[in-house]
>>> print(open('work_20.txt').read())   # compact mmCIF, C-alpha atoms
# COMPACT_ATOMS: atom_id res chain seq x y z
CA MET A 1 10.72 -169.59 141.92
CA ARG A 2 9.49 -169.02 145.46
CA ARG A 3 12.18 -166.43 146.12
CA TYR A 4 10.51 -164.15 143.51
CA ILE A 5 7.03 -164.38 145.00
CA LEU A 6 7.64 -162.07 148.00
CA PRO A 7 9.26 -159.23 146.00
CA LEU A 8 6.47 -159.42 143.40
CA LEU A 9 3.85 -159.33 146.16
CA ILE A 10 5.50 -156.26 147.71
CA LEU A 11 5.57 -154.47 144.33
CA ALA A 12 1.90 -155.26 143.74
CA LEU A 13 0.92 -153.94 147.14
CA ALA A 14 2.94 -150.73 146.60
CA ALA A 15 1.32 -150.13 143.23
CA GLY A 16 -2.13 -150.69 144.67
CA TYR A 17 -1.43 -148.24 147.50
CA ALA A 18 -0.24 -145.56 145.08
CA ILE A 19 -3.41 -145.92 143.01
CA TRP A 20 -5.56 -145.71 146.15
CA ARG A 21 -3.78 -142.53 147.32
CA SER A 22 -4.27 -140.84 143.95
CA GLU A 23 -8.00 -141.55 144.17
CA GLN A 24 -8.17 -139.98 147.64
CA ARG A 25 -6.68 -136.63 146.60
CA PRO A 26 -9.29 -133.86 146.56
CA ALA A 27 -10.22 -132.68 143.10
CA ALA A 28 -9.00 -129.25 142.00
CA PRO A 29 -11.64 -126.57 142.56
CA LYS A 30 -13.87 -125.98 139.57
CA ASP A 31 -15.44 -122.78 138.36
CA ALA A 32 -19.22 -122.94 138.41
CA THR A 33 -19.33 -122.15 134.68
CA SER A 34 -16.36 -124.22 133.51
CA SER A 35 -15.26 -127.86 133.59
CA GLN A 36 -11.60 -126.82 133.73
CA ALA A 37 -9.59 -126.33 136.90
CA VAL A 38 -9.65 -122.71 137.99
CA PRO A 39 -6.36 -120.88 137.26
CA PRO A 40 -5.01 -118.43 139.79
CA VAL A 41 -6.52 -114.96 139.56
CA THR A 42 -4.45 -112.61 137.42
CA LEU A 43 -4.21 -109.09 138.77
CA GLY A 44 -2.35 -106.58 136.65
CA ALA A 45 -3.24 -108.18 133.30
CA ASP A 46 -3.57 -104.68 131.89
CA GLN A 47 -2.87 -101.16 133.08
CA PRO A 48 -6.04 -99.15 133.76
CA VAL A 49 -6.06 -95.46 134.55
CA LEU A 50 -6.81 -95.10 138.25
CA GLY A 51 -9.68 -92.89 139.35
CA GLN A 52 -11.84 -92.97 136.25
CA PHE A 53 -14.40 -95.14 134.50
CA GLU A 54 -13.20 -96.63 131.26
CA LYS A 55 -15.04 -98.61 128.63
CA VAL A 56 -13.46 -101.96 127.85
CA ALA A 57 -14.37 -103.69 124.60
CA GLY A 58 -16.15 -107.02 124.79
CA LEU A 59 -17.22 -106.93 128.41
CA PRO A 60 -19.92 -109.52 129.07
CA GLY A 61 -23.13 -109.69 131.04
CA ILE A 62 -23.22 -110.63 134.70
CA GLU A 63 -25.71 -113.47 134.33
CA GLY A 64 -23.98 -116.77 135.00
CA ILE A 65 -21.35 -115.32 137.33
CA ILE A 66 -21.81 -117.53 140.39
CA VAL A 67 -20.62 -116.26 143.76
CA SER A 68 -21.55 -117.25 147.31
CA ASP A 69 -23.45 -115.69 150.18
CA PRO A 70 -23.91 -117.18 153.69
CA GLN A 71 -26.84 -119.27 152.40
CA GLY A 72 -25.19 -120.72 149.29
CA ASP A 73 -24.61 -119.98 145.61
CA VAL A 74 -25.79 -116.71 144.09
CA ASP A 75 -26.03 -115.85 140.39
CA LEU A 76 -25.25 -112.15 139.94
CA GLY A 77 -27.89 -112.23 137.22
CA ARG A 78 -30.49 -111.98 139.97
CA TYR A 79 -29.64 -108.26 140.20
CA LYS A 80 -30.75 -107.60 136.62
CA GLY A 81 -33.37 -104.87 136.41
CA LYS A 82 -31.28 -102.38 138.39
CA ALA A 83 -28.28 -100.26 137.55
CA LEU A 84 -25.38 -101.64 139.58
CA LEU A 85 -22.02 -100.69 140.95
CA ILE A 86 -20.30 -104.04 141.50
CA ASN A 87 -17.29 -103.52 143.74
CA VAL A 88 -14.59 -106.20 143.75
CA TRP A 89 -12.56 -106.01 146.95
CA ALA A 90 -10.69 -107.95 149.66
CA THR A 91 -10.43 -107.69 153.43
CA TRP A 92 -6.62 -107.43 153.24
CA CYS A 93 -6.66 -104.57 150.67
CA ALA A 94 -6.08 -101.16 152.32
CA PRO A 95 -7.72 -99.03 149.56
CA CYS A 96 -10.70 -101.40 149.59
CA ILE A 97 -11.09 -100.96 153.34
CA ALA A 98 -10.85 -97.18 152.96
CA GLU A 99 -13.74 -96.95 150.49
CA MET A 100 -16.12 -99.49 152.06
CA PRO A 101 -17.85 -96.98 154.39
CA SER A 102 -18.61 -94.69 151.43
CA LEU A 103 -20.05 -97.64 149.49
CA ASP A 104 -22.23 -98.44 152.48
CA ARG A 105 -23.45 -94.83 152.60
CA LEU A 106 -23.98 -94.83 148.82
CA GLN A 107 -26.28 -97.83 149.07
CA ALA A 108 -28.20 -96.17 151.91
CA LYS A 109 -28.53 -92.97 149.87
CA LEU A 110 -29.12 -94.23 146.31
CA GLY A 111 -30.06 -97.88 146.67
CA GLY A 112 -33.59 -98.98 145.84
CA ASP A 113 -35.65 -100.26 142.91
CA LYS A 114 -33.36 -98.66 140.32
CA PHE A 115 -29.86 -99.01 141.78
CA ALA A 116 -27.78 -101.23 144.06
CA VAL A 117 -24.23 -101.48 145.32
CA VAL A 118 -23.06 -105.10 145.09
CA THR A 119 -19.79 -105.82 146.92
CA VAL A 120 -18.00 -109.07 146.06
CA ALA A 121 -14.91 -110.14 148.01
CA VAL A 122 -12.16 -112.11 146.25
CA ASP A 123 -9.04 -114.01 147.33
CA GLU A 124 -10.56 -114.75 150.73
CA PRO A 125 -10.00 -117.90 152.82
CA SER A 126 -13.65 -118.27 153.82
CA MET A 127 -17.09 -116.74 154.02
CA THR A 128 -16.57 -116.32 157.77
CA ALA A 129 -13.67 -113.91 157.29
CA VAL A 130 -15.77 -111.65 155.07
CA GLN A 131 -18.83 -111.84 157.32
CA ASN A 132 -16.70 -110.91 160.35
CA PHE A 133 -15.22 -107.94 158.50
CA ILE A 134 -18.64 -106.64 157.44
CA ASP A 135 -19.93 -107.01 161.00
CA GLN A 136 -16.91 -105.39 162.64
CA LYS A 137 -17.02 -102.40 160.28
CA GLN A 138 -20.81 -102.10 160.79
CA LEU A 139 -21.50 -102.06 157.07
CA HIS A 140 -25.23 -102.57 157.40
CA ASN A 141 -26.26 -101.84 153.80
CA LEU A 142 -23.89 -104.06 151.80
CA PRO A 143 -24.35 -107.71 150.81
CA VAL A 144 -21.95 -110.39 152.03
CA LEU A 145 -20.81 -111.99 148.77
CA VAL A 146 -17.60 -113.94 148.16
CA ASP A 147 -16.17 -115.09 144.84
CA LEU A 148 -14.39 -118.23 146.04
CA ASN A 149 -13.71 -119.60 142.53
CA HIS A 150 -12.69 -116.39 140.71
CA ALA A 151 -15.85 -116.51 138.61
CA ILE A 152 -15.73 -112.76 137.97
CA ASP A 153 -12.13 -112.98 136.79
CA HIS A 154 -13.11 -115.62 134.24
CA LYS A 155 -15.46 -113.14 132.55
CA VAL A 156 -13.72 -109.82 133.06
CA ARG A 157 -10.12 -109.34 134.15
CA VAL A 158 -9.75 -107.50 137.43
CA PRO A 159 -6.46 -105.60 137.02
CA ASN A 160 -6.20 -104.44 140.62
CA LEU A 161 -8.17 -104.12 143.84
CA PRO A 162 -10.48 -102.45 144.34
CA THR A 163 -12.17 -102.46 140.96
CA SER A 164 -15.76 -101.34 140.40
CA LEU A 165 -17.94 -102.39 137.48
CA LEU A 166 -20.77 -100.21 136.20
CA VAL A 167 -23.64 -102.42 135.03
CA SER A 168 -26.78 -101.40 133.16
CA PRO A 169 -30.22 -102.73 134.16
CA ASP A 170 -30.06 -105.33 131.37
CA GLY A 171 -27.07 -106.88 133.14
CA ILE A 172 -24.35 -105.76 130.74
CA ILE A 173 -21.09 -104.38 132.13
CA GLN A 174 -20.64 -100.89 130.70
CA ALA A 175 -17.42 -99.62 132.26
CA ARG A 176 -14.73 -100.37 134.80
CA PHE A 177 -13.31 -98.14 137.51
CA ALA A 178 -9.89 -99.04 138.92
CA GLY A 179 -8.93 -97.80 142.38
CA ASP A 180 -10.85 -96.49 145.36
CA SER A 181 -13.09 -93.46 145.70
CA LYS A 182 -15.54 -91.73 148.00
CA TRP A 183 -18.70 -92.75 146.23
CA ASP A 184 -21.42 -91.05 148.22
CA CYS A 185 -20.70 -87.40 147.39
CA GLY A 186 -19.30 -85.02 144.78
CA ALA A 187 -18.49 -86.09 141.23
CA PRO A 188 -18.73 -89.86 141.84
CA LEU A 189 -22.23 -89.56 143.28
CA ALA A 190 -23.34 -87.22 140.49
CA ALA A 191 -21.96 -89.61 137.86
CA LEU A 192 -23.84 -92.56 139.33
CA GLN A 193 -27.06 -90.56 139.61
CA ALA A 194 -26.79 -89.67 135.91
CA PHE A 195 -26.18 -93.31 135.00
CA VAL A 196 -29.24 -94.41 136.96
CA LYS A 197 -31.37 -91.65 135.41
CA ASP A 198 -30.60 -92.09 131.72
CA GLY A 199 -27.77 -94.59 131.28
CA THR A 200 -25.04 -91.99 130.77
CA VAL A 201 -21.69 -93.72 131.25
CA PRO A 202 -19.26 -91.37 133.01
CA LEU A 203 -15.87 -91.15 131.33
CA GLY A 204 -12.81 -89.23 132.42
CA GLN A 205 -11.38 -88.52 135.83
CA LEU A 206 -13.83 -88.42 138.74
CA GLU A 207 -12.42 -86.21 141.45
CA SER A 208 -13.27 -87.69 144.83
CA CYS A 209 -14.82 -85.66 147.64
CA PRO A 210 -12.42 -84.08 150.10
CA ASP A 211 -12.17 -85.77 153.47
>>> encode(input="work_20.txt", output="structure tokens")
Amino acid sequence: MRRYILPLLILALAAGYAIWRSEQRPAAPKDATSSQAVPPVTLGADQPVLGQFEKVAGLPGIEGIIVSDPQGDVDLGRYKGKALLINVWATWCAPCIAEMPSLDRLQAKLGGDKFAVVTVAVDEPSMTAVQNFIDQKQLHNLPVLVDLNHAIDHKVRVPNLPTSLLVSPDGIIQARFAGDSKWDCGAPLAALQAFVKDGTVPLGQLESCPD
């Protein structure tokens, strides 16, 4: 009987160690609005027309979309009361980088009590990477916001980067613009001014300003 004691003891210890290791594994990241593990972001879920705003049926409000700034969690619902251009971008995305200066100028030109440009970075390793990018590019008028848990993608699919969302003052997403643009002049600026003035949603191709 004694010859079985040592093997049984070894098996018990191994089982106990396996259970302990499983308890030490970090939990999968959770979305702030969901108890389920966050799936990977899906880009290219549909095929938008680049360079124009398009209405998409069933788009939700922005309240409850939780992102992060350098101080902590931010609910995009805090921007309700203003017309918004929410720009979803990434530091590694060349078209995103190309349009960031025009977004910065747009906020300087049109931003105020009735309108704001809200830039939200996605697929980023850390807040520090985004903060460093904003500082290096001297984008003084844009917020440093990062969607670390793909909260935006849980409410509205982002088919490609950059994507901009046009949001009415009541916080409802009205249209989506896929691709980059020069936002601070020409047709894009005029379209945004009209939206701020009377809620007109621009549809159709928006020719960008010449360089």
>>> residues_around(input="work_20.txt", residues="Pro101 in chain A", least_positions_apart="6", cutoff="9 Å", atoms="all atoms listed in the file", output="ChimeraX atom specification")
/A:137-139,182
>>> atom_distance(input="work_20.txt", atom1="CA of Gly77 in chain A", atom2="CA of Leu166 in chain A")
14.0 Å
>>> atom_distance(input="work_20.txt", atom1="CA of Lys80 in chain A", atom2="CA of Val196 in chain A")
13.3 Å
>>> closest_atom_pairs(input="work_20.txt", of="range 93-125 of chain A", to="range 185-190 of chain A", cutoff="10 Å", atoms="only C-alpha atoms", output="tab-separated table")
residue	atom	partner	partner_atom	distance
A:Ser102	CA	A:Cys185	CA	8.6
A:Arg105	CA	A:Cys185	CA	9.5
A:Leu106	CA	A:Leu189	CA	7.8
A:Lys109	CA	A:Leu189	CA	9.7
A:Leu110	CA	A:Leu189	CA	8.9
>>> closest_residue(input="work_20.txt", among="A:Val158, A:Leu192, A:Val146, A:Cys93", to="Gln107 in chain A", atoms="only C-alpha atoms")
A:Leu192
>>> atom_distance(input="work_20.txt", atom1="CA of Gly81 in chain A", atom2="CA of Pro169 in chain A")
4.4 Å
>>> closest_residue(input="work_20.txt", among="A:Ser68, A:Ala108, A:Val120, A:Ile134", to="Asp153 in chain A", atoms="all atoms listed in the file")
A:Val120
